[in-house]
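Worksheet: the structure to be examined is printed underneath.
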Amino acid sequence: MTVFHANAVQLAQGNPFFHQVLMTGKLQVLAVSLEPHEDIGAAAFPCDQAYWIAEGTGELFTRGGYERVADGDLIVVPAGEWHNLANTREAPMKALVLCAPPLLTRGTTHRTKAEARHFLAESPEG
């Protein structure tokens, strides 16, 4: 693997897809775009995840309740912690997610939430 260097804002804001894997090594970088009032889907993943909100406002739901999130926020969710991230505005929310260890297959793109749910339901990764 070579060094991965890119402008985080451009990566996040330029991604039109629900999930797009940008880089995979011992950790994974994904760009995420949530449509207005869409959420990622409540789940507990087998990896630590760090969400960086590049553009938008929303709510992060955990077993402890919920918190409002906005542009520039960084949220770290430990492996196994149930959570959901929801976009609460009338425009897409753009974010980057770091997962360690990697969650998805290198090069994966899910155009929509439905496509991602279908993949994760049928995959040993999900």
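Chain labels A, B, ... are given in the sequence in which chains occur in the structure tokens; within each chain residues are numbered consecutively from 1, and ligands are likewise numbered from 1 in the order shown.
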- [ ] Do a neighbour search on Pro78 of chain A at 10 Å with only C-alpha atoms, toss out local chain neighbours closer than 5 positions, and write the hits as a PyMOL selection string.
- [x] chain A and resi 44-50+83+99-100
Write to file, as a tab-separated table (two decimals), in the first residue's frame, the residues of the selection just made, with N, CA and C atoms.
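Written file, selection.tsv:
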chain	number	residue	atom	x	y	z
A	44	ALA	N	-24.45	-2.28	15.17
A	44	ALA	CA	-23.22	-2.36	15.96
A	44	ALA	C	-22.22	-3.10	15.09
A	45	PHE	N	-21.15	-2.44	14.70
A	45	PHE	CA	-20.18	-3.02	13.77
A	45	PHE	C	-18.98	-3.60	14.52
A	46	PRO	N	-18.29	-4.57	13.89
A	46	PRO	CA	-17.14	-5.21	14.55
A	46	PRO	C	-15.84	-4.42	14.42
A	47	CYS	N	-15.97	-3.12	14.13
A	47	CYS	CA	-14.78	-2.28	13.98
A	47	CYS	C	-15.00	-0.97	14.71
A	48	ASP	N	-13.91	-0.35	15.14
A	48	ASP	CA	-13.99	1.02	15.65
A	48	ASP	C	-14.26	1.92	14.45
A	49	GLN	N	-15.11	2.93	14.64
A	49	GLN	CA	-15.44	3.85	13.55
A	49	GLN	C	-15.29	5.28	14.03
A	50	ALA	N	-14.70	6.11	13.18
A	50	ALA	CA	-14.62	7.54	13.44
A	50	ALA	C	-15.33	8.25	12.29
A	83	HIS	N	-25.34	2.13	17.26
A	83	HIS	CA	-25.46	3.55	16.94
A	83	HIS	C	-26.18	3.74	15.61
A	99	CYS	N	-12.64	3.18	9.51
A	99	CYS	CA	-12.99	1.91	10.17
A	99	CYS	C	-11.71	1.11	10.38
A	100	ALA	N	-11.55	0.59	11.59
A	100	ALA	CA	-10.40	-0.27	11.86
A	100	ALA	C	-10.85	-1.40	12.78
- [ ] Output as JSON, numbers by chain all residues of chain A that backbone DSSP marks as helix (DSSP H, G or I).
- [x] {"A": [8, 9, 10, 11, 12, 13, 113, 114, 115, 116, 117, 118, 119, 120, 121, 122]}
Mind writing the picked residues with all heavy atoms as a compact mmCIF listing (two decimals), in the first residue's frame?
# COMPACT_ATOMS: atom_id res chain seq x y z
N ALA A 8 -9.69 16.13 2.45
CA ALA A 8 -10.83 15.48 3.09
C ALA A 8 -12.16 16.13 2.72
O ALA A 8 -13.15 15.44 2.47
CB ALA A 8 -10.64 15.48 4.61
N VAL A 9 -12.20 17.44 2.67
CA VAL A 9 -13.44 18.14 2.32
C VAL A 9 -13.86 17.79 0.90
O VAL A 9 -15.03 17.47 0.64
CB VAL A 9 -13.28 19.67 2.49
CG1 VAL A 9 -14.51 20.40 1.97
CG2 VAL A 9 -13.03 20.02 3.94
N GLN A 10 -12.92 17.81 -0.03
CA GLN A 10 -13.25 17.48 -1.43
C GLN A 10 -13.70 16.03 -1.56
O GLN A 10 -14.63 15.74 -2.31
CB GLN A 10 -12.06 17.76 -2.34
CG GLN A 10 -11.78 19.23 -2.51
CD GLN A 10 -10.52 19.50 -3.32
OE1 GLN A 10 -9.78 18.59 -3.70
NE2 GLN A 10 -10.25 20.77 -3.56
N LEU A 11 -13.05 15.11 -0.84
CA LEU A 11 -13.47 13.71 -0.89
C LEU A 11 -14.91 13.54 -0.42
O LEU A 11 -15.71 12.86 -1.06
CB LEU A 11 -12.56 12.84 -0.03
CG LEU A 11 -11.17 12.54 -0.54
CD1 LEU A 11 -10.40 11.76 0.51
CD2 LEU A 11 -11.22 11.78 -1.85
N ALA A 12 -15.21 14.15 0.71
CA ALA A 12 -16.55 14.01 1.28
C ALA A 12 -17.59 14.71 0.42
O ALA A 12 -18.61 14.11 0.06
CB ALA A 12 -16.58 14.56 2.70
N GLN A 13 -17.35 15.95 0.08
CA GLN A 13 -18.34 16.71 -0.67
C GLN A 13 -18.52 16.22 -2.10
O GLN A 13 -19.59 16.37 -2.68
CB GLN A 13 -17.99 18.20 -0.66
CG GLN A 13 -18.15 18.81 0.72
CD GLN A 13 -17.76 20.27 0.77
OE1 GLN A 13 -17.06 20.80 -0.10
NE2 GLN A 13 -18.19 20.96 1.82
N LYS A 113 -28.74 3.39 0.12
CA LYS A 113 -28.86 2.67 1.38
C LYS A 113 -29.42 1.27 1.14
O LYS A 113 -28.97 0.30 1.74
CB LYS A 113 -29.75 3.45 2.34
CG LYS A 113 -29.91 2.78 3.68
CD LYS A 113 -30.79 3.62 4.61
CE LYS A 113 -31.04 2.90 5.92
NZ LYS A 113 -31.87 3.72 6.81
N ALA A 114 -30.41 1.16 0.25
CA ALA A 114 -31.01 -0.15 -0.05
C ALA A 114 -29.96 -1.11 -0.61
O ALA A 114 -29.92 -2.29 -0.25
CB ALA A 114 -32.17 0.01 -1.03
N GLU A 115 -29.10 -0.62 -1.48
CA GLU A 115 -28.04 -1.45 -2.04
C GLU A 115 -27.07 -1.90 -0.94
O GLU A 115 -26.65 -3.05 -0.91
CB GLU A 115 -27.30 -0.65 -3.12
CG GLU A 115 -26.31 -1.44 -3.92
CD GLU A 115 -25.70 -0.60 -5.03
OE1 GLU A 115 -26.42 -0.23 -5.97
OE2 GLU A 115 -24.48 -0.32 -4.93
N ALA A 116 -26.73 -1.01 -0.03
CA ALA A 116 -25.83 -1.35 1.07
C ALA A 116 -26.48 -2.39 1.98
O ALA A 116 -25.83 -3.36 2.39
CB ALA A 116 -25.48 -0.11 1.87
N ARG A 117 -27.74 -2.22 2.31
CA ARG A 117 -28.45 -3.17 3.18
C ARG A 117 -28.50 -4.55 2.54
O ARG A 117 -28.30 -5.55 3.22
CB ARG A 117 -29.87 -2.68 3.48
CG ARG A 117 -29.91 -1.59 4.48
CD ARG A 117 -29.59 -2.16 5.82
NE ARG A 117 -29.70 -1.18 6.85
CZ ARG A 117 -28.92 -1.14 7.90
NH1 ARG A 117 -27.97 -2.03 8.07
NH2 ARG A 117 -29.07 -0.24 8.82
N HIS A 118 -28.77 -4.60 1.26
CA HIS A 118 -28.83 -5.88 0.54
C HIS A 118 -27.47 -6.57 0.60
O HIS A 118 -27.37 -7.76 0.91
CB HIS A 118 -29.26 -5.65 -0.91
CG HIS A 118 -29.27 -6.89 -1.74
ND1 HIS A 118 -30.26 -7.83 -1.62
CD2 HIS A 118 -28.42 -7.35 -2.67
CE1 HIS A 118 -30.01 -8.84 -2.45
NE2 HIS A 118 -28.90 -8.56 -3.10
N PHE A 119 -26.41 -5.82 0.35
CA PHE A 119 -25.05 -6.37 0.38
C PHE A 119 -24.71 -6.89 1.76
O PHE A 119 -24.22 -8.00 1.93
CB PHE A 119 -24.04 -5.31 -0.06
CG PHE A 119 -22.62 -5.72 0.15
CD1 PHE A 119 -21.98 -6.53 -0.78
CD2 PHE A 119 -21.92 -5.33 1.27
CE1 PHE A 119 -20.66 -6.93 -0.59
CE2 PHE A 119 -20.61 -5.71 1.47
CZ PHE A 119 -19.99 -6.52 0.54
N LEU A 120 -24.93 -6.06 2.80
CA LEU A 120 -24.55 -6.44 4.16
C LEU A 120 -25.38 -7.61 4.67
O LEU A 120 -24.88 -8.44 5.43
CB LEU A 120 -24.68 -5.25 5.11
CG LEU A 120 -23.65 -4.15 4.86
CD1 LEU A 120 -23.97 -2.90 5.69
CD2 LEU A 120 -22.24 -4.62 5.13
N ALA A 121 -26.62 -7.74 4.25
CA ALA A 121 -27.47 -8.85 4.67
C ALA A 121 -26.97 -10.18 4.11
O ALA A 121 -27.13 -11.23 4.72
CB ALA A 121 -28.91 -8.61 4.26
N GLU A 122 -26.37 -10.14 2.92
CA GLU A 122 -25.93 -11.37 2.26
C GLU A 122 -24.43 -11.62 2.36
O GLU A 122 -23.94 -12.59 1.82
CB GLU A 122 -26.33 -11.30 0.77
CG GLU A 122 -27.82 -11.30 0.58
CD GLU A 122 -28.22 -11.42 -0.86
OE1 GLU A 122 -27.34 -11.41 -1.74
OE2 GLU A 122 -29.43 -11.52 -1.11
TODO: Pick out the residues sitting within 9 Å of Leu27 of chain A, and hand them over as a list in words; count only C-alpha atoms, and ignore anything fewer than 4 positions along from it in its own chain.
DONE: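 The residues that qualify are Met23, Leu98, Cys99, Ala100, Pro101, Pro102 and Leu103 of chain A.
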Please dump the current selection as a short mmCIF file (atom, residue, chain, number, x, y, z; two decimals), in the first residue's frame; keep all heavy atoms.
data_model
loop_
_atom_site.label_atom_id
_atom_site.label_comp_id
_atom_site.auth_asym_id
_atom_site.auth_seq_id
_atom_site.Cartn_x
_atom_site.Cartn_y
_atom_site.Cartn_z
N MET A 23 -10.09 3.95 0.46
CA MET A 23 -8.79 3.37 0.74
C MET A 23 -8.96 2.26 1.75
O MET A 23 -9.76 2.36 2.67
CB MET A 23 -7.87 4.46 1.32
CG MET A 23 -6.40 4.10 1.47
SD MET A 23 -5.94 3.04 2.86
CE MET A 23 -6.33 4.01 4.27
N LEU A 98 -13.70 6.46 9.14
CA LEU A 98 -12.53 5.60 9.25
C LEU A 98 -12.96 4.36 10.03
O LEU A 98 -13.60 4.50 11.08
CB LEU A 98 -11.40 6.30 9.98
CG LEU A 98 -10.93 7.63 9.41
CD1 LEU A 98 -9.84 8.22 10.29
CD2 LEU A 98 -10.46 7.48 8.00
N CYS A 99 -12.64 3.18 9.51
CA CYS A 99 -12.99 1.91 10.17
C CYS A 99 -11.71 1.11 10.38
O CYS A 99 -10.91 0.96 9.46
CB CYS A 99 -13.91 1.07 9.30
SG CYS A 99 -15.45 1.85 8.86
N ALA A 100 -11.55 0.59 11.59
CA ALA A 100 -10.40 -0.27 11.86
C ALA A 100 -10.85 -1.40 12.78
O ALA A 100 -11.37 -1.14 13.86
CB ALA A 100 -9.27 0.52 12.51
N PRO A 101 -10.69 -2.65 12.34
CA PRO A 101 -10.20 -3.06 11.03
C PRO A 101 -11.24 -2.74 9.95
O PRO A 101 -12.37 -2.39 10.25
CB PRO A 101 -10.02 -4.57 11.19
CG PRO A 101 -10.99 -4.97 12.24
CD PRO A 101 -11.08 -3.79 13.18
N PRO A 102 -10.85 -2.88 8.66
CA PRO A 102 -11.76 -2.58 7.56
C PRO A 102 -13.08 -3.34 7.67
O PRO A 102 -13.12 -4.48 8.12
CB PRO A 102 -10.98 -3.01 6.31
CG PRO A 102 -9.56 -2.88 6.72
CD PRO A 102 -9.53 -3.29 8.16
N LEU A 103 -14.15 -2.67 7.25
CA LEU A 103 -15.49 -3.24 7.31
C LEU A 103 -15.94 -3.81 5.97
O LEU A 103 -16.57 -4.85 5.91
CB LEU A 103 -16.48 -2.16 7.77
CG LEU A 103 -17.95 -2.54 7.87
CD1 LEU A 103 -18.14 -3.61 8.93
CD2 LEU A 103 -18.78 -1.32 8.19
#
TODO: Give me, please, the distance in Å between atom CA of Thr57 of chain A and atom CA of Arg106 of chain A, quoted to one decimal.
DONE: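 Those two atoms sit 28.5 Å apart.
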Neighbour list for Ala42 of chain A as a short mmCIF file (atom, residue, chain, number, x, y, z; two decimals) with N, CA and C atoms, in the first residue's frame, cut-off 12 Å, only C-alpha atoms, skip fewer than 6 positions in-chain:
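Saved result, selection11.cif, follows:
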data_model
loop_
_atom_site.label_atom_id
_atom_site.label_comp_id
_atom_site.auth_asym_id
_atom_site.auth_seq_id
_atom_site.Cartn_x
_atom_site.Cartn_y
_atom_site.Cartn_z
N LEU A 60 -26.81 11.81 16.23
CA LEU A 60 -26.18 10.52 16.48
C LEU A 60 -26.95 9.86 17.61
N PHE A 61 -27.48 8.68 17.34
CA PHE A 61 -28.23 7.93 18.34
C PHE A 61 -27.35 6.80 18.86
N THR A 62 -27.31 6.65 20.19
CA THR A 62 -26.61 5.55 20.84
C THR A 62 -27.53 5.01 21.93
N ARG A 63 -27.10 3.96 22.60
CA ARG A 63 -27.91 3.43 23.71
C ARG A 63 -28.09 4.47 24.81
N GLY A 80 -18.69 -2.73 18.36
CA GLY A 80 -19.75 -3.35 19.14
C GLY A 80 -20.77 -2.40 19.72
N GLU A 81 -20.56 -1.09 19.59
CA GLU A 81 -21.49 -0.09 20.14
C GLU A 81 -22.62 0.18 19.15
N TRP A 82 -23.85 -0.05 19.58
CA TRP A 82 -25.01 0.24 18.74
C TRP A 82 -25.09 1.74 18.51
N HIS A 83 -25.34 2.13 17.26
CA HIS A 83 -25.46 3.55 16.94
C HIS A 83 -26.18 3.74 15.61
N ASN A 84 -26.60 4.97 15.38
CA ASN A 84 -27.21 5.35 14.11
C ASN A 84 -26.92 6.84 13.92
N LEU A 85 -26.61 7.22 12.70
CA LEU A 85 -26.37 8.61 12.35
C LEU A 85 -27.45 9.02 11.36
N ALA A 86 -28.17 10.10 11.66
CA ALA A 86 -29.27 10.56 10.82
C ALA A 86 -29.04 11.98 10.34
N ARG A 117 -27.74 -2.22 2.31
CA ARG A 117 -28.45 -3.17 3.18
C ARG A 117 -28.50 -4.55 2.54
#
Open item on the list: Could you check the closest approach to Arg111 of chain A for each of A:Glu55, A:His19, A:Pro36, A:Val29 and tell me which residue wins, using only C-alpha atoms?
Closed with: A:His19
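Look at Val3 of chain A: the protein and nucleic acid residues within 12 Å of it, using only C-alpha atoms and passing over chain neighbours fewer than 2 places away, are Met1, His5, Ala6, Met23, Thr24 and Gly25 of chain A.
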Convert the current residue selection to file output with all heavy atoms, as a PDB file, in the first residue's frame.
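Everything below was put into again-v8.pdb:
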ATOM      1  N   MET A   1       0.837  -1.175   0.000  1.00  0.00           N
ATOM      2  CA  MET A   1       0.000   0.000   0.000  1.00  0.00           C
ATOM      3  C   MET A   1       0.882   1.237   0.000  1.00  0.00           C
ATOM      4  O   MET A   1       1.900   1.280   0.666  1.00  0.00           O
ATOM      5  CB  MET A   1      -0.898  -0.009   1.236  1.00  0.00           C
ATOM      6  CG  MET A   1      -1.849   1.166   1.272  1.00  0.00           C
ATOM      7  SD  MET A   1      -2.867   1.214   2.752  1.00  0.00           S
ATOM      8  CE  MET A   1      -1.864   2.248   3.778  1.00  0.00           C
ATOM      9  N   HIS A   5      -3.096  10.353   0.357  1.00  0.00           N
ATOM     10  CA  HIS A   5      -3.144  11.773   0.689  1.00  0.00           C
ATOM     11  C   HIS A   5      -4.172  12.433  -0.201  1.00  0.00           C
ATOM     12  O   HIS A   5      -4.092  12.336  -1.428  1.00  0.00           O
ATOM     13  CB  HIS A   5      -1.759  12.407   0.477  1.00  0.00           C
ATOM     14  CG  HIS A   5      -1.750  13.880   0.729  1.00  0.00           C
ATOM     15  ND1 HIS A   5      -0.907  14.734   0.081  1.00  0.00           N
ATOM     16  CD2 HIS A   5      -2.474  14.657   1.569  1.00  0.00           C
ATOM     17  CE1 HIS A   5      -1.107  15.964   0.500  1.00  0.00           C
ATOM     18  NE2 HIS A   5      -2.058  15.945   1.400  1.00  0.00           N
ATOM     19  N   ALA A   6      -5.166  13.071   0.403  1.00  0.00           N
ATOM     20  CA  ALA A   6      -6.208  13.741  -0.372  1.00  0.00           C
ATOM     21  C   ALA A   6      -6.840  14.824   0.488  1.00  0.00           C
ATOM     22  O   ALA A   6      -6.700  14.830   1.709  1.00  0.00           O
ATOM     23  CB  ALA A   6      -7.271  12.731  -0.805  1.00  0.00           C
ATOM     24  N   MET A  23     -10.094   3.950   0.459  1.00  0.00           N
ATOM     25  CA  MET A  23      -8.788   3.372   0.740  1.00  0.00           C
ATOM     26  C   MET A  23      -8.955   2.258   1.747  1.00  0.00           C
ATOM     27  O   MET A  23      -9.763   2.362   2.671  1.00  0.00           O
ATOM     28  CB  MET A  23      -7.874   4.460   1.318  1.00  0.00           C
ATOM     29  CG  MET A  23      -6.404   4.100   1.473  1.00  0.00           C
ATOM     30  SD  MET A  23      -5.944   3.044   2.859  1.00  0.00           S
ATOM     31  CE  MET A  23      -6.329   4.009   4.270  1.00  0.00           C
ATOM     32  N   THR A  24      -8.208   1.184   1.534  1.00  0.00           N
ATOM     33  CA  THR A  24      -8.223   0.071   2.480  1.00  0.00           C
ATOM     34  C   THR A  24      -6.796  -0.368   2.754  1.00  0.00           C
ATOM     35  O   THR A  24      -6.022  -0.607   1.832  1.00  0.00           O
ATOM     36  CB  THR A  24      -9.040  -1.118   1.932  1.00  0.00           C
ATOM     37  OG1 THR A  24     -10.366  -0.682   1.668  1.00  0.00           O
ATOM     38  CG2 THR A  24      -9.073  -2.270   2.911  1.00  0.00           C
ATOM     39  N   GLY A  25      -6.472  -0.457   4.012  1.00  0.00           N
ATOM     40  CA  GLY A  25      -5.203  -0.980   4.511  1.00  0.00           C
ATOM     41  C   GLY A  25      -5.535  -1.677   5.812  1.00  0.00           C
ATOM     42  O   GLY A  25      -6.491  -2.434   5.883  1.00  0.00           O
TER      43      GLY A  25
END
Open item on the list: Please report the interatomic distance between atom CA of Asp39 of chain A and atom CA of Pro92 of chain A in Å with one decimal.
Closed with: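 Taking atom CA of Asp39 of chain A as the start and atom CA of Pro92 of chain A as the end point, the length is 10.7 Å.
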TODO: Might you pull out every residue within 8 Å of segment 87-90 of chain A, with only C-alpha atoms counted and same-chain residues fewer than 5 positions away left off, and present them as a ChimeraX atom specification?
DONE: /A:34-39,56-59
Open item on the list: Using DSSP assignments from the backbone, pull out every residue in segment 5-65 of chain A that falls under strand (DSSP E) and give it to me as a VMD selection string.
Closed with: chain A and resid 19 to 24 28 to 34 48 to 55 57 to 62 65
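Between atom CA of Asn15 of chain A and atom CA of Thr109 of chain A the separation is 10.4 Å.
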Task: Nearest to Ala54 of chain A by atom-to-atom distance, counting only C-alpha atoms, from A:Ala91, A:Phe17, A:Gln28, A:Ala70 - done: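 Using only C-alpha atoms, Ala54 of chain A sits closest to A:Ala70.
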TODO: Fewer than 3 positions away in the same chain doesn't count, so skip those; otherwise give me all residues within 9 Å of Thr108 of chain A, counting only C-alpha atoms, as a PyMOL selection string.
DONE: chain A and resi 19-22+104-105
Mind dumping the selected residues with N, CA, C and O atoms as a PDB file, in the first residue's frame?
ATOM      1  N   HIS A  19     -22.262   4.832   0.280  1.00  0.00           N
ATOM      2  CA  HIS A  19     -20.941   4.390   0.761  1.00  0.00           C
ATOM      3  C   HIS A  19     -20.000   4.345  -0.426  1.00  0.00           C
ATOM      4  O   HIS A  19     -20.361   3.796  -1.462  1.00  0.00           O
ATOM      5  N   GLN A  20     -18.801   4.807  -0.257  1.00  0.00           N
ATOM      6  CA  GLN A  20     -17.760   4.603  -1.251  1.00  0.00           C
ATOM      7  C   GLN A  20     -16.443   4.393  -0.522  1.00  0.00           C
ATOM      8  O   GLN A  20     -15.966   5.292   0.185  1.00  0.00           O
ATOM      9  N   VAL A  21     -15.869   3.194  -0.676  1.00  0.00           N
ATOM     10  CA  VAL A  21     -14.582   2.900  -0.054  1.00  0.00           C
ATOM     11  C   VAL A  21     -13.505   3.622  -0.857  1.00  0.00           C
ATOM     12  O   VAL A  21     -13.366   3.419  -2.056  1.00  0.00           O
ATOM     13  N   LEU A  22     -12.742   4.461  -0.181  1.00  0.00           N
ATOM     14  CA  LEU A  22     -11.704   5.252  -0.835  1.00  0.00           C
ATOM     15  C   LEU A  22     -10.327   4.635  -0.678  1.00  0.00           C
ATOM     16  O   LEU A  22      -9.464   4.795  -1.539  1.00  0.00           O
ATOM     17  N   LEU A 104     -15.619  -3.123   4.888  1.00  0.00           N
ATOM     18  CA  LEU A 104     -16.097  -3.501   3.556  1.00  0.00           C
ATOM     19  C   LEU A 104     -14.945  -3.959   2.665  1.00  0.00           C
ATOM     20  O   LEU A 104     -13.783  -3.647   2.920  1.00  0.00           O
ATOM     21  N   THR A 105     -15.271  -4.646   1.613  1.00  0.00           N
ATOM     22  CA  THR A 105     -14.284  -5.095   0.634  1.00  0.00           C
ATOM     23  C   THR A 105     -13.678  -3.892  -0.078  1.00  0.00           C
ATOM     24  O   THR A 105     -14.396  -2.935  -0.416  1.00  0.00           O
TER      25      THR A 105
END
